[in-house]
file start20.pdb (PDB, C-alpha atoms)
MODEL        1
ATOM      1  CA  MET P 740       0.000   0.000   0.000
ATOM      2  CA  GLY P 741       1.457   3.347  -1.055
ATOM      3  CA  ALA P 742       1.653   6.591   0.920
ATOM      4  CA  ALA P 743      -1.099   9.207   0.879
ATOM      5  CA  TYR P 744      -1.140  11.930  -1.802
ATOM      6  CA  LYS P 745      -1.621  15.677  -1.509
ATOM      7  CA  VAL P 746      -4.299  16.883  -3.933
ATOM      8  CA  PHE P 747      -5.087  20.641  -3.762
ATOM      9  CA  GLY P 748      -3.613  20.754  -0.259
ATOM     10  CA  LYS P 749      -5.801  17.885   0.979
ATOM     11  CA  THR P 750      -4.472  14.472   1.960
ATOM     12  CA  VAL P 751      -6.012  11.737  -0.204
ATOM     13  CA  GLN P 752      -5.534   8.018   0.427
ATOM     14  CA  PRO P 753      -4.458   5.829  -2.552
ATOM     15  CA  HIS P 754      -7.649   3.732  -2.486
ATOM     16  CA  VAL P 755      -9.724   6.906  -2.844
ATOM     17  CA  LEU P 756      -7.714   7.798  -5.942
ATOM     18  CA  ALA P 757      -8.183   4.287  -7.315
ATOM     19  CA  ILE P 758     -11.949   4.328  -6.724
ATOM     20  CA  SER P 759     -12.154   7.834  -8.223
ATOM     21  CA  THR P 760     -10.343   6.558 -11.318
ATOM     22  CA  PHE P 761     -12.821   3.663 -11.617
ATOM     23  CA  ILE P 762     -15.792   6.008 -11.311
ATOM     24  CA  ALA P 763     -14.323   8.472 -13.813
ATOM     25  CA  THR P 764     -13.525   5.673 -16.287
ATOM     26  CA  ALA P 765     -17.021   4.209 -15.913
ATOM     27  CA  ALA P 766     -18.576   7.655 -16.363
ATOM     28  CA  VAL P 767     -16.560   8.407 -19.504
ATOM     29  CA  ALA P 768     -17.292   4.937 -20.917
ATOM     30  CA  SER P 769     -21.025   5.240 -20.240
ATOM     31  CA  TYR P 770     -21.059   8.776 -21.694
ATOM     32  CA  PHE P 771     -19.546   7.586 -24.964
ATOM     33  CA  THR P 772     -21.622   4.416 -25.183
ATOM     34  CA  THR P 773     -25.024   5.954 -24.324
ATOM     35  CA  LYS P 774     -24.417   9.503 -25.584
ATOM     36  CA  PRO P 775     -27.641  11.299 -26.712
ATOM     37  CA  LYS P 776     -27.627  13.059 -30.102
ATOM     38  CA  THR P 777     -26.783  16.713 -29.635
ATOM     39  CA  LYS P 778     -27.177  19.661 -31.988
ATOM     40  CA  ASN P 779     -23.456  19.681 -32.684
ATOM     41  CA  GLU P 780     -23.602  16.098 -33.887
ATOM     42  CA  GLY P 781     -26.420  17.088 -36.228
ATOM     43  CA  LYS P 782     -24.326  19.914 -37.630
ATOM     44  CA  ASN P 783     -21.301  17.702 -38.114
ATOM     45  CA  SER P 784     -23.234  14.973 -39.844
ATOM     46  CA  SER P 785     -24.729  15.117 -43.326
ATOM     47  CA  ALA P 786     -27.126  17.776 -44.510
ATOM     48  CA  LEU P 787     -30.043  15.339 -44.381
ATOM     49  CA  SER P 788     -29.400  14.451 -40.796
ATOM     50  CA  GLN P 789     -28.888  18.121 -40.058
ATOM     51  CA  GLN P 790     -32.284  18.832 -41.547
ATOM     52  CA  LYS P 791     -33.832  15.982 -39.591
ATOM     53  CA  SER P 792     -32.273  17.134 -36.350
ATOM     54  CA  GLY P 793     -33.441  20.665 -37.100
ATOM     55  CA  GLU P 794     -36.942  19.371 -37.712
ATOM     56  CA  SER P 795     -36.910  17.341 -34.578
ATOM     57  CA  SER P 796     -35.619  20.284 -32.538
ATOM     58  CA  ASN P 797     -38.272  22.511 -34.110
ATOM     59  CA  SER P 798     -40.979  19.989 -33.352
ATOM     60  CA  ASP P 799     -39.701  19.708 -29.804
ATOM     61  CA  ALA P 800     -39.782  23.475 -29.486
ATOM     62  CA  MET P 801     -43.288  23.583 -30.968
ATOM     63  CA  GLY P 802     -44.430  20.948 -28.521
ATOM     64  CA  LYS P 803     -43.068  22.968 -25.619
ATOM     65  CA  ASP P 804     -44.773  26.111 -26.951
ATOM     66  CA  ASP P 805     -48.087  24.225 -27.236
ATOM     67  CA  ASP P 806     -47.803  23.166 -23.628
ATOM     68  CA  VAL P 807     -47.213  26.754 -22.502
ATOM     69  CA  VAL P 808     -50.172  28.047 -24.585
ATOM     70  CA  LYS P 809     -52.452  25.342 -23.181
ATOM     71  CA  SER P 810     -51.459  26.121 -19.634
ATOM     72  CA  ILE P 811     -52.021  29.864 -20.190
ATOM     73  CA  GLU P 812     -55.414  29.163 -21.741
ATOM     74  CA  GLY P 813     -56.359  26.942 -18.838
ATOM     75  CA  PHE P 814     -55.249  29.602 -16.395
ATOM     76  CA  LEU P 815     -57.288  32.265 -18.196
ATOM     77  CA  ASN P 816     -60.368  29.990 -18.280
ATOM     78  CA  ASP P 817     -60.070  29.367 -14.559
ATOM     79  CA  LEU P 818     -59.712  33.100 -14.000
ATOM     80  CA  GLU P 819     -62.853  33.810 -16.059
ATOM     81  CA  LYS P 820     -64.804  31.181 -14.128
ATOM     82  CA  ASP P 821     -63.729  32.706 -10.855
ATOM     83  CA  THR P 822     -64.726  36.209 -11.945
ATOM     84  CA  ARG P 823     -68.132  34.930 -13.160
ATOM     85  CA  GLN P 824     -68.744  33.196  -9.856
ATOM     86  CA  ASP P 825     -67.768  36.405  -8.019
ATOM     87  CA  THR P 826     -70.156  38.538 -10.104
ATOM     88  CA  LYS P 827     -73.003  36.048  -9.588
ATOM     89  CA  ALA P 828     -72.397  36.035  -5.900
ATOM     90  CA  ASN P 829     -72.425  39.852  -5.827
TER      91      ASN P 829
ATOM     92  CA  SER N 544      -4.998 -36.449 -34.901
ATOM     93  CA  PRO N 545      -2.538 -35.402 -32.151
ATOM     94  CA  LEU N 546      -5.482 -33.832 -30.346
ATOM     95  CA  ASP N 547      -7.209 -37.219 -29.930
ATOM     96  CA  GLN N 548      -5.322 -37.760 -26.660
ATOM     97  CA  PHE N 549      -7.304 -34.897 -25.077
ATOM     98  CA  GLU N 550     -10.714 -36.241 -26.055
ATOM     99  CA  ILE N 551     -13.000 -36.869 -23.086
ATOM    100  CA  ARG N 552     -14.669 -40.244 -23.638
ATOM    101  CA  THR N 553     -17.555 -41.663 -21.647
ATOM    102  CA  LEU N 554     -16.560 -44.952 -20.041
ATOM    103  CA  PHE N 555     -19.730 -45.609 -18.106
ATOM    104  CA  GLY N 556     -22.980 -43.705 -18.233
ATOM    105  CA  LEU N 557     -26.526 -43.933 -17.023
ATOM    106  CA  GLN N 558     -29.378 -43.271 -19.430
ATOM    107  CA  SER N 559     -32.939 -42.300 -18.734
ATOM    108  CA  SER N 560     -35.674 -41.173 -21.065
ATOM    109  CA  PHE N 561     -37.021 -38.813 -18.381
ATOM    110  CA  ILE N 562     -34.027 -36.911 -17.022
ATOM    111  CA  ASP N 563     -30.531 -36.114 -18.227
ATOM    112  CA  LEU N 564     -28.077 -38.185 -16.187
ATOM    113  CA  SER N 565     -24.980 -37.252 -18.165
ATOM    114  CA  CYS N 566     -23.619 -35.454 -15.087
ATOM    115  CA  LEU N 567     -23.187 -38.901 -13.486
ATOM    116  CA  ASN N 568     -21.145 -40.283 -16.379
ATOM    117  CA  LEU N 569     -17.781 -41.802 -15.629
ATOM    118  CA  THR N 570     -15.545 -40.179 -18.210
ATOM    119  CA  THR N 571     -11.806 -40.355 -18.809
ATOM    120  CA  PHE N 572     -11.585 -37.000 -17.031
ATOM    121  CA  SER N 573     -13.382 -38.178 -13.880
ATOM    122  CA  LEU N 574     -11.479 -41.489 -13.929
ATOM    123  CA  TYR N 575      -8.098 -39.730 -13.999
ATOM    124  CA  THR N 576      -9.214 -37.296 -11.296
ATOM    125  CA  ILE N 577     -10.026 -40.295  -9.095
ATOM    126  CA  ILE N 578      -6.671 -41.896 -10.009
ATOM    127  CA  VAL N 579      -4.827 -38.701  -8.999
ATOM    128  CA  LEU N 580      -6.639 -38.606  -5.673
ATOM    129  CA  LEU N 581      -5.940 -42.294  -5.076
ATOM    130  CA  VAL N 582      -2.231 -41.820  -5.854
ATOM    131  CA  ILE N 583      -1.998 -38.866  -3.454
ATOM    132  CA  THR N 584      -3.730 -40.755  -0.625
ATOM    133  CA  SER N 585      -1.606 -43.850  -1.357
ATOM    134  CA  LEU N 586       1.560 -41.771  -1.084
ATOM    135  CA  TYR N 587       0.459 -40.510   2.333
ATOM    136  CA  THR N 588      -0.475 -44.015   3.436
ATOM    137  CA  LEU N 589       2.939 -45.304   2.355
ATOM    138  CA  THR N 590       4.675 -42.741   4.571
ATOM    139  CA  ASN N 591       3.046 -44.314   7.632
ATOM    140  CA  ASN N 592       5.301 -47.425   7.402
ATOM    141  CA  ASN N 593       2.734 -49.664   9.159
ATOM    142  CA  ASN N 594       2.493 -47.363  12.199
ATOM    143  CA  LYS N 595       6.178 -47.654  13.032
ATOM    144  CA  ILE N 596       7.920 -44.755  14.755
ATOM    145  CA  ILE N 597      10.381 -44.333  11.900
ATOM    146  CA  GLY N 598       8.643 -43.642   8.615
ATOM    147  CA  SER N 599       9.381 -45.332   5.325
ATOM    148  CA  ARG N 600      11.522 -43.912   2.531
ATOM    149  CA  TRP N 601       8.332 -42.503   1.073
ATOM    150  CA  LEU N 602       8.158 -40.289   4.130
ATOM    151  CA  ILE N 603      11.410 -38.608   3.138
ATOM    152  CA  SER N 604      10.069 -37.811  -0.334
ATOM    153  CA  GLN N 605       6.786 -36.510   1.094
ATOM    154  CA  GLU N 606       8.586 -34.462   3.725
ATOM    155  CA  ALA N 607      10.851 -32.991   1.059
ATOM    156  CA  ILE N 608       7.831 -31.896  -1.001
ATOM    157  CA  TYR N 609       6.019 -30.635   2.110
ATOM    158  CA  ASP N 610       9.067 -28.713   3.288
ATOM    159  CA  THR N 611       9.663 -27.147  -0.138
ATOM    160  CA  ILE N 612       6.102 -25.865  -0.436
ATOM    161  CA  MET N 613       6.011 -24.796   3.220
ATOM    162  CA  ASN N 614       9.207 -22.724   2.907
ATOM    163  CA  MET N 615       7.943 -21.203  -0.322
ATOM    164  CA  THR N 616       4.594 -20.257   1.276
ATOM    165  CA  LYS N 617       6.368 -18.861   4.337
ATOM    166  CA  GLY N 618       8.690 -16.830   2.098
ATOM    167  CA  GLN N 619       5.905 -15.527  -0.120
ATOM    168  CA  ILE N 620       3.126 -14.761   2.347
ATOM    169  CA  GLY N 621       5.175 -14.366   5.520
ATOM    170  CA  GLY N 622       3.799 -12.709   8.630
ATOM    171  CA  LYS N 623       1.830 -14.653  11.219
ATOM    172  CA  ASN N 624      -0.967 -16.022   9.067
ATOM    173  CA  TRP N 625       0.911 -17.830   6.311
ATOM    174  CA  GLY N 626      -0.059 -21.171   7.880
ATOM    175  CA  LEU N 627      -3.738 -20.438   7.278
ATOM    176  CA  TYR N 628      -3.232 -20.570   3.527
ATOM    177  CA  PHE N 629      -0.581 -23.289   3.362
ATOM    178  CA  PRO N 630      -3.006 -26.305   3.236
ATOM    179  CA  MET N 631      -4.781 -24.880   0.184
ATOM    180  CA  ILE N 632      -1.518 -24.135  -1.641
ATOM    181  CA  PHE N 633      -0.071 -27.553  -0.787
ATOM    182  CA  THR N 634      -3.257 -29.352  -1.906
ATOM    183  CA  LEU N 635      -3.278 -27.493  -5.208
ATOM    184  CA  PHE N 636       0.397 -28.204  -5.755
ATOM    185  CA  MET N 637       0.023 -31.925  -5.020
ATOM    186  CA  PHE N 638      -2.977 -32.233  -7.318
ATOM    187  CA  ILE N 639      -1.277 -30.491 -10.238
ATOM    188  CA  PHE N 640       2.069 -32.206  -9.577
ATOM    189  CA  ILE N 641       0.583 -35.722  -9.549
ATOM    190  CA  ALA N 642      -1.793 -34.962 -12.458
ATOM    191  CA  ASN N 643       1.140 -33.750 -14.557
ATOM    192  CA  LEU N 644       3.277 -36.781 -13.689
ATOM    193  CA  ILE N 645       0.434 -39.228 -14.421
ATOM    194  CA  SER N 646      -0.146 -37.514 -17.755
ATOM    195  CA  MET N 647       3.432 -38.459 -18.726
ATOM    196  CA  ILE N 648       2.512 -42.158 -18.738
ATOM    197  CA  PRO N 649       2.008 -43.107 -22.420
ATOM    198  CA  TYR N 650      -1.655 -43.399 -23.483
ATOM    199  CA  SER N 651      -2.831 -41.755 -20.263
ATOM    200  CA  PHE N 652      -4.784 -38.525 -19.953
ATOM    201  CA  ALA N 653      -3.586 -34.970 -19.223
ATOM    202  CA  LEU N 654      -6.017 -33.390 -16.760
ATOM    203  CA  SER N 655      -4.253 -30.039 -16.627
ATOM    204  CA  ALA N 656      -4.201 -29.686 -20.422
ATOM    205  CA  HIS N 657      -7.957 -29.082 -20.366
ATOM    206  CA  LEU N 658      -8.232 -25.314 -20.378
ATOM    207  CA  VAL N 659     -11.896 -25.341 -19.331
ATOM    208  CA  PHE N 660     -10.924 -27.144 -16.125
ATOM    209  CA  ILE N 661      -7.664 -25.418 -15.322
ATOM    210  CA  ILE N 662      -8.859 -21.879 -16.135
ATOM    211  CA  SER N 663     -12.016 -22.483 -14.085
ATOM    212  CA  LEU N 664      -9.742 -23.468 -11.196
ATOM    213  CA  SER N 665      -7.621 -20.343 -11.631
ATOM    214  CA  ILE N 666     -10.739 -18.129 -11.811
ATOM    215  CA  VAL N 667     -12.027 -19.681  -8.561
ATOM    216  CA  ILE N 668      -8.666 -18.970  -6.864
ATOM    217  CA  TRP N 669      -8.603 -15.410  -8.194
ATOM    218  CA  LEU N 670     -12.192 -14.797  -7.101
ATOM    219  CA  GLY N 671     -11.464 -16.242  -3.654
ATOM    220  CA  ASN N 672      -8.417 -13.980  -3.301
ATOM    221  CA  THR N 673     -10.433 -10.921  -4.324
ATOM    222  CA  ILE N 674     -13.234 -11.733  -1.868
ATOM    223  CA  LEU N 675     -10.632 -12.331   0.860
ATOM    224  CA  GLY N 676      -8.965  -8.980   0.134
ATOM    225  CA  LEU N 677     -12.284  -7.111   0.139
ATOM    226  CA  TYR N 678     -13.351  -8.893   3.343
ATOM    227  CA  LYS N 679     -10.115  -8.062   5.148
ATOM    228  CA  HIS N 680      -9.570  -4.508   3.959
ATOM    229  CA  GLY N 681     -12.877  -3.202   2.629
ATOM    230  CA  TRP N 682     -12.463  -0.200   0.339
ATOM    231  CA  VAL N 683      -8.753   0.031   1.206
ATOM    232  CA  PHE N 684      -8.290  -3.119  -0.942
ATOM    233  CA  PHE N 685      -8.378  -0.838  -3.988
ATOM    234  CA  SER N 686      -5.091   0.741  -2.920
ATOM    235  CA  LEU N 687      -3.593  -2.453  -4.414
ATOM    236  CA  PHE N 688      -4.074  -0.796  -7.800
ATOM    237  CA  VAL N 689      -1.880   2.181  -6.850
ATOM    238  CA  PRO N 690       1.767   1.018  -6.770
ATOM    239  CA  ALA N 691       3.878   2.611  -4.060
ATOM    240  CA  GLY N 692       5.810   5.688  -5.179
ATOM    241  CA  THR N 693       3.675   6.451  -8.241
ATOM    242  CA  PRO N 694       3.696  10.187  -9.136
ATOM    243  CA  LEU N 695       0.227  11.715  -8.823
ATOM    244  CA  PRO N 696      -0.265  12.539 -12.546
ATOM    245  CA  LEU N 697       0.423   8.902 -13.442
ATOM    246  CA  VAL N 698      -1.984   7.431 -10.880
ATOM    247  CA  PRO N 699      -5.094   7.264 -13.153
ATOM    248  CA  LEU N 700      -3.125   5.552 -15.936
ATOM    249  CA  LEU N 701      -1.437   3.105 -13.575
ATOM    250  CA  VAL N 702      -4.722   2.295 -11.822
ATOM    251  CA  ILE N 703      -6.228   1.252 -15.168
ATOM    252  CA  ILE N 704      -3.132  -0.780 -16.122
ATOM    253  CA  GLU N 705      -2.934  -2.441 -12.700
ATOM    254  CA  THR N 706      -6.661  -3.265 -12.786
ATOM    255  CA  LEU N 707      -6.331  -4.858 -16.204
ATOM    256  CA  SER N 708      -3.312  -6.888 -15.056
ATOM    257  CA  TYR N 709      -5.198  -7.914 -11.906
ATOM    258  CA  PHE N 710      -8.140  -9.200 -13.958
ATOM    259  CA  ALA N 711      -5.751 -10.937 -16.370
ATOM    260  CA  ARG N 712      -4.392 -12.999 -13.473
ATOM    261  CA  ALA N 713      -7.642 -14.969 -13.403
ATOM    262  CA  ILE N 714      -6.955 -16.307 -16.889
ATOM    263  CA  SER N 715      -3.150 -16.224 -17.022
ATOM    264  CA  LEU N 716      -2.688 -18.500 -14.001
ATOM    265  CA  GLY N 717      -4.584 -21.340 -15.667
ATOM    266  CA  LEU N 718      -3.541 -20.546 -19.219
ATOM    267  CA  ARG N 719       0.160 -20.764 -18.294
ATOM    268  CA  LEU N 720      -0.156 -24.291 -16.952
ATOM    269  CA  GLY N 721      -2.709 -25.494 -19.499
ATOM    270  CA  SER N 722      -0.831 -24.267 -22.552
ATOM    271  CA  ASN N 723       2.497 -25.659 -21.291
ATOM    272  CA  ILE N 724       1.079 -29.136 -20.757
ATOM    273  CA  LEU N 725      -0.990 -29.009 -23.957
ATOM    274  CA  ALA N 726       1.974 -27.905 -26.080
ATOM    275  CA  GLY N 727       4.303 -30.461 -24.482
ATOM    276  CA  HIS N 728       1.959 -33.394 -25.069
ATOM    277  CA  LEU N 729       1.247 -32.310 -28.628
ATOM    278  CA  LEU N 730       4.953 -31.984 -29.356
ATOM    279  CA  MET N 731       5.689 -35.439 -27.986
ATOM    280  CA  VAL N 732       2.888 -37.084 -29.989
ATOM    281  CA  ILE N 733       3.842 -35.340 -33.234
ATOM    282  CA  LEU N 734       7.574 -36.074 -32.900
ATOM    283  CA  ALA N 735       6.984 -39.665 -31.815
ATOM    284  CA  GLY N 736       4.587 -40.227 -34.741
ATOM    285  CA  LEU N 737       7.081 -38.818 -37.215
ATOM    286  CA  THR N 738       9.945 -40.879 -35.779
ATOM    287  CA  PHE N 739       7.835 -44.038 -35.756
ATOM    288  CA  ASN N 740       6.888 -43.584 -39.425
ATOM    289  CA  PHE N 741      10.511 -42.768 -40.270
ATOM    290  CA  MET N 742      11.782 -45.928 -38.578
ATOM    291  CA  LEU N 743       9.277 -48.071 -40.472
ATOM    292  CA  ILE N 744      10.668 -47.141 -43.908
ATOM    293  CA  ASN N 745      13.636 -49.549 -44.075
ATOM    294  CA  LEU N 746      16.450 -51.071 -42.045
ATOM    295  CA  PHE N 747      18.696 -48.029 -42.420
ATOM    296  CA  THR N 748      16.021 -45.637 -41.097
ATOM    297  CA  LEU N 749      15.242 -48.128 -38.317
ATOM    298  CA  VAL N 750      18.834 -47.816 -37.080
ATOM    299  CA  PHE N 751      19.169 -44.116 -37.879
ATOM    300  CA  GLY N 752      15.804 -43.427 -36.209
ATOM    301  CA  PHE N 753      17.357 -43.947 -32.778
ATOM    302  CA  VAL N 754      18.882 -40.468 -33.089
ATOM    303  CA  PRO N 755      15.522 -38.627 -33.145
ATOM    304  CA  LEU N 756      14.262 -41.168 -30.590
ATOM    305  CA  ALA N 757      17.017 -40.065 -28.208
ATOM    306  CA  MET N 758      15.945 -36.472 -28.801
ATOM    307  CA  ILE N 759      12.341 -37.407 -27.990
ATOM    308  CA  LEU N 760      13.606 -39.024 -24.809
ATOM    309  CA  ALA N 761      15.347 -35.757 -23.924
ATOM    310  CA  ILE N 762      12.111 -33.851 -24.660
ATOM    311  CA  MET N 763      10.248 -36.308 -22.411
ATOM    312  CA  MET N 764      12.677 -35.520 -19.591
ATOM    313  CA  LEU N 765      12.057 -31.848 -20.276
ATOM    314  CA  GLU N 766       8.300 -32.450 -20.096
ATOM    315  CA  PHE N 767       8.706 -34.171 -16.733
ATOM    316  CA  ALA N 768      10.580 -31.102 -15.535
ATOM    317  CA  ILE N 769       7.932 -28.790 -17.006
ATOM    318  CA  GLY N 770       5.188 -30.780 -15.250
ATOM    319  CA  ILE N 771       6.931 -30.385 -11.869
ATOM    320  CA  ILE N 772       7.989 -26.763 -12.439
ATOM    321  CA  GLN N 773       4.528 -25.686 -13.604
ATOM    322  CA  GLY N 774       2.984 -27.187 -10.461
ATOM    323  CA  TYR N 775       5.481 -25.206  -8.398
ATOM    324  CA  VAL N 776       4.837 -22.040 -10.456
ATOM    325  CA  TRP N 777       1.101 -22.439  -9.842
ATOM    326  CA  ALA N 778       1.747 -22.768  -6.092
ATOM    327  CA  ILE N 779       4.143 -19.806  -5.952
ATOM    328  CA  LEU N 780       1.765 -17.559  -7.919
ATOM    329  CA  THR N 781      -1.211 -18.560  -5.778
ATOM    330  CA  ALA N 782       0.849 -17.682  -2.696
ATOM    331  CA  SER N 783       1.895 -14.383  -4.287
ATOM    332  CA  TYR N 784      -1.708 -13.452  -5.134
ATOM    333  CA  LEU N 785      -2.761 -14.398  -1.611
ATOM    334  CA  LYS N 786      -0.027 -12.159  -0.217
ATOM    335  CA  ASP N 787      -1.382  -9.276  -2.318
ATOM    336  CA  ALA N 788      -4.890  -9.869  -0.995
ATOM    337  CA  VAL N 789      -3.801 -10.269   2.637
ATOM    338  CA  TYR N 790      -1.146  -7.553   2.941
ATOM    339  CA  LEU N 791      -1.815  -5.329  -0.097
ATOM    340  CA  HIS N 792       1.781  -5.612  -1.426
TER     341      HIS N 792
ENDMDL
END

call {"tool": "encode", "arguments": {"input": "start20.pdb", "output": "structure tokens"}}
result
Amino acid sequence: MGAAYKVFGKTVQPHVLAISTFIATAAVASYFTTKPKTKNEGKNSSALSQQKSGESSNSDAMGKDDDVVKSIEGFLNDLEKDTRQDTKAN
Amino acid sequence: SPLDQFEIRTLFGLQSSFIDLSCLNLTTFSLYTIIVLLVITSLYTLTNNNNKIIGSRWLISQEAIYDTIMNMTKGQIGGKNWGLYFPMIFTLFMFIFIANLISMIPYSFALSAHLVFIISLSIVIWLGNTILGLYKHGWVFFSLFVPAGTPLPLVPLLVIIETLSYFARAISLGLRLGSNILAGHLLMVILAGLTFNFMLINLFTLVFGFVPLAMILAIMMLEFAIGIIQGYVWAILTASYLKDAVYLH
């Protein structure tokens, strides 16, 4: 068993370094094996795939926008109902 | 084919139309395993010399083997607890030693040339060592992968290399023995077959064939030595791996 190391002024035991290496290696390996498709990948790949990725990102964005619009509409409907109930009560 | 000598043949088997009883078959492999065990127990019985105070000459040979392996284990593992692991190392050595010597009898069977058996055995030993190390040291066991005196920037690289070499031990321990015995037996069969065919040609080749025959005899002596040395190498490496697991270098 080797002596402890000084990392950024802190004393670190060798087994901690070894376990950290394992975790880092596993993380890097899992990142490269199960890496999701990013925008950069779409740009680097062919024009067709770029178009597809652009479409998919647009559709994703549209979907998100739809959700926001629906929630705003729902909120406004609830608000209208509340105001109607208030006026009836008055 | 020279590989025919390694074929596992069924000598006696039970058959049933309902269940598979092939696990109960008496094969050449199981027969030679039993023979090895019988030879080892016979050797120990012979040392007894009919319960006399002074043992037989067999006792001297057994004591010599015992002493050699004991000193090796003591030298490798050291400390107070070397005796805990000595019976396992000695048993493994005796089994491999006798199996290798029996395999040198012509038309017999080489147990340790079967990679599926010998690598399984080495994986079991490696796994046992790893479990022992984790049981004794917990997380600190992983400091085994950081050699003493390694500069900090090199630690990640060396940890990966050491881990790979540690995992390779599981295979290399068995592969070393298996391939040595396999190659030796193949070489002997091929050379003996060639020499036999050469000597059958005519009277001149029959006389001249004694030259390669003498060389085969020398190779046979070498194979005897390899059989003994590989048993010892197995024992010394098992002790070394145990030392790593027990004392972490």

call {"tool": "resolve_selection", "arguments": {"input": "start20.pdb", "expression": "the ChimeraX specification (/P :<7) & /N", "output": "PyMOL selection string"}}
result
chain N and resi 682-683+685-692+699+702+791-792

call {"tool": "atom_distance", "arguments": {"input": "start20.pdb", "atom1": "atom CA of N:Phe572", "atom2": "atom CA of N:Ser585"}}
result
19.8 Å

call {"tool": "atom_distance", "arguments": {"input": "start20.pdb", "atom1": "atom CA of N:Ala656", "atom2": "atom CA of N:Ala726"}}
result
8.6 Å

call {"tool": "closest_residue", "arguments": {"input": "start20.pdb", "among": "N:Leu780, N:Ile666, N:Leu580, N:Ile661", "to": "N:Thr634", "atoms": "all atoms listed in the file"}}
result
N:Leu580

call {"tool": "atom_distance", "arguments": {"input": "start20.pdb", "atom1": "atom CA of N:Thr553", "atom2": "atom CA of N:Leu737"}}
result
29.3 Å

call {"tool": "closest_residue", "arguments": {"input": "start20.pdb", "among": "N:Ala713, N:Ile772, N:Leu635, N:Leu729", "to": "N:Asn672", "atoms": "all atoms listed in the file"}}
result
N:Ala713

call {"tool": "resolve_selection", "arguments": {"input": "start20.pdb", "expression": "the PyMOL selection byres ((chain N and resi 617-623) around 8)", "output": "compact mmCIF listing (two decimals) with C-alpha atoms, in the frame of the given file"}}
result
# COMPACT_ATOMS: atom_id res chain seq x y z
CA MET N 613 6.01 -24.80 3.22
CA ASN N 614 9.21 -22.72 2.91
CA MET N 615 7.94 -21.20 -0.32
CA THR N 616 4.59 -20.26 1.28
CA ASN N 624 -0.97 -16.02 9.07
CA TRP N 625 0.91 -17.83 6.31
CA GLY N 626 -0.06 -21.17 7.88
CA ILE N 779 4.14 -19.81 -5.95
CA ALA N 782 0.85 -17.68 -2.70
CA SER N 783 1.90 -14.38 -4.29
CA LEU N 785 -2.76 -14.40 -1.61
CA LYS N 786 -0.03 -12.16 -0.22

call {"tool": "resolve_selection", "arguments": {"input": "start20.pdb", "expression": "the PyMOL selection byres ((chain N and resi 555) around 7)", "output": "PDB file with C-alpha atoms, keeping the file's coordinate frame"}}
result
ATOM      1  CA  THR N 553     -17.555 -41.663 -21.647  1.00  0.00           C
ATOM      2  CA  LEU N 554     -16.560 -44.952 -20.041  1.00  0.00           C
ATOM      3  CA  GLY N 556     -22.980 -43.705 -18.233  1.00  0.00           C
ATOM      4  CA  ASN N 568     -21.145 -40.283 -16.379  1.00  0.00           C
ATOM      5  CA  LEU N 569     -17.781 -41.802 -15.629  1.00  0.00           C
ATOM      6  CA  THR N 570     -15.545 -40.179 -18.210  1.00  0.00           C
TER       7      THR N 570
END

call {"tool": "residues_around", "arguments": {"input": "start20.pdb", "residues": "N:Gly671", "least_positions_apart": "2", "cutoff": "12 Å", "atoms": "all atoms listed in the file", "output": "PDB file with C-alpha atoms, in the frame of the given file"}}
result
ATOM      1  CA  TYR N 628      -3.232 -20.570   3.527  1.00  0.00           C
ATOM      2  CA  MET N 631      -4.781 -24.880   0.184  1.00  0.00           C
ATOM      3  CA  LEU N 664      -9.742 -23.468 -11.196  1.00  0.00           C
ATOM      4  CA  SER N 665      -7.621 -20.343 -11.631  1.00  0.00           C
ATOM      5  CA  ILE N 666     -10.739 -18.129 -11.811  1.00  0.00           C
ATOM      6  CA  VAL N 667     -12.027 -19.681  -8.561  1.00  0.00           C
ATOM      7  CA  ILE N 668      -8.666 -18.970  -6.864  1.00  0.00           C
ATOM      8  CA  TRP N 669      -8.603 -15.410  -8.194  1.00  0.00           C
ATOM      9  CA  THR N 673     -10.433 -10.921  -4.324  1.00  0.00           C
ATOM     10  CA  ILE N 674     -13.234 -11.733  -1.868  1.00  0.00           C
ATOM     11  CA  LEU N 675     -10.632 -12.331   0.860  1.00  0.00           C
ATOM     12  CA  GLY N 676      -8.965  -8.980   0.134  1.00  0.00           C
ATOM     13  CA  LEU N 677     -12.284  -7.111   0.139  1.00  0.00           C
ATOM     14  CA  TYR N 678     -13.351  -8.893   3.343  1.00  0.00           C
ATOM     15  CA  ALA N 713      -7.642 -14.969 -13.403  1.00  0.00           C
ATOM     16  CA  THR N 781      -1.211 -18.560  -5.778  1.00  0.00           C
ATOM     17  CA  TYR N 784      -1.708 -13.452  -5.134  1.00  0.00           C
ATOM     18  CA  LEU N 785      -2.761 -14.398  -1.611  1.00  0.00           C
ATOM     19  CA  ALA N 788      -4.890  -9.869  -0.995  1.00  0.00           C
ATOM     20  CA  VAL N 789      -3.801 -10.269   2.637  1.00  0.00           C
TER      21      VAL N 789
END

call {"tool": "residues_around", "arguments": {"input": "start20.pdb", "residues": "N:Asn723", "least_positions_apart": "2", "cutoff": "12 Å", "atoms": "all atoms listed in the file", "output": "PyMOL selection string"}}
result
chain N and resi 643+653+655-658+661+715-721+725-730+765-774+776-777

call {"tool": "closest_residue", "arguments": {"input": "start20.pdb", "among": "N:Leu760, N:Val750, N:Ala711, N:Leu627", "to": "N:Leu734", "atoms": "all atoms listed in the file"}}
result
N:Leu760

call {"tool": "residues_around", "arguments": {"input": "start20.pdb", "residues": "N:Ala735", "least_positions_apart": "2", "cutoff": "10 Å", "atoms": "all atoms listed in the file", "output": "list of chain:residue names"}}
result
N:Leu729, N:Leu730, N:Met731, N:Val732, N:Ile733, N:Leu737, N:Thr738, N:Phe739, N:Asn740, N:Phe741, N:Pro755, N:Leu756, N:Met758, N:Ile759, N:Leu760
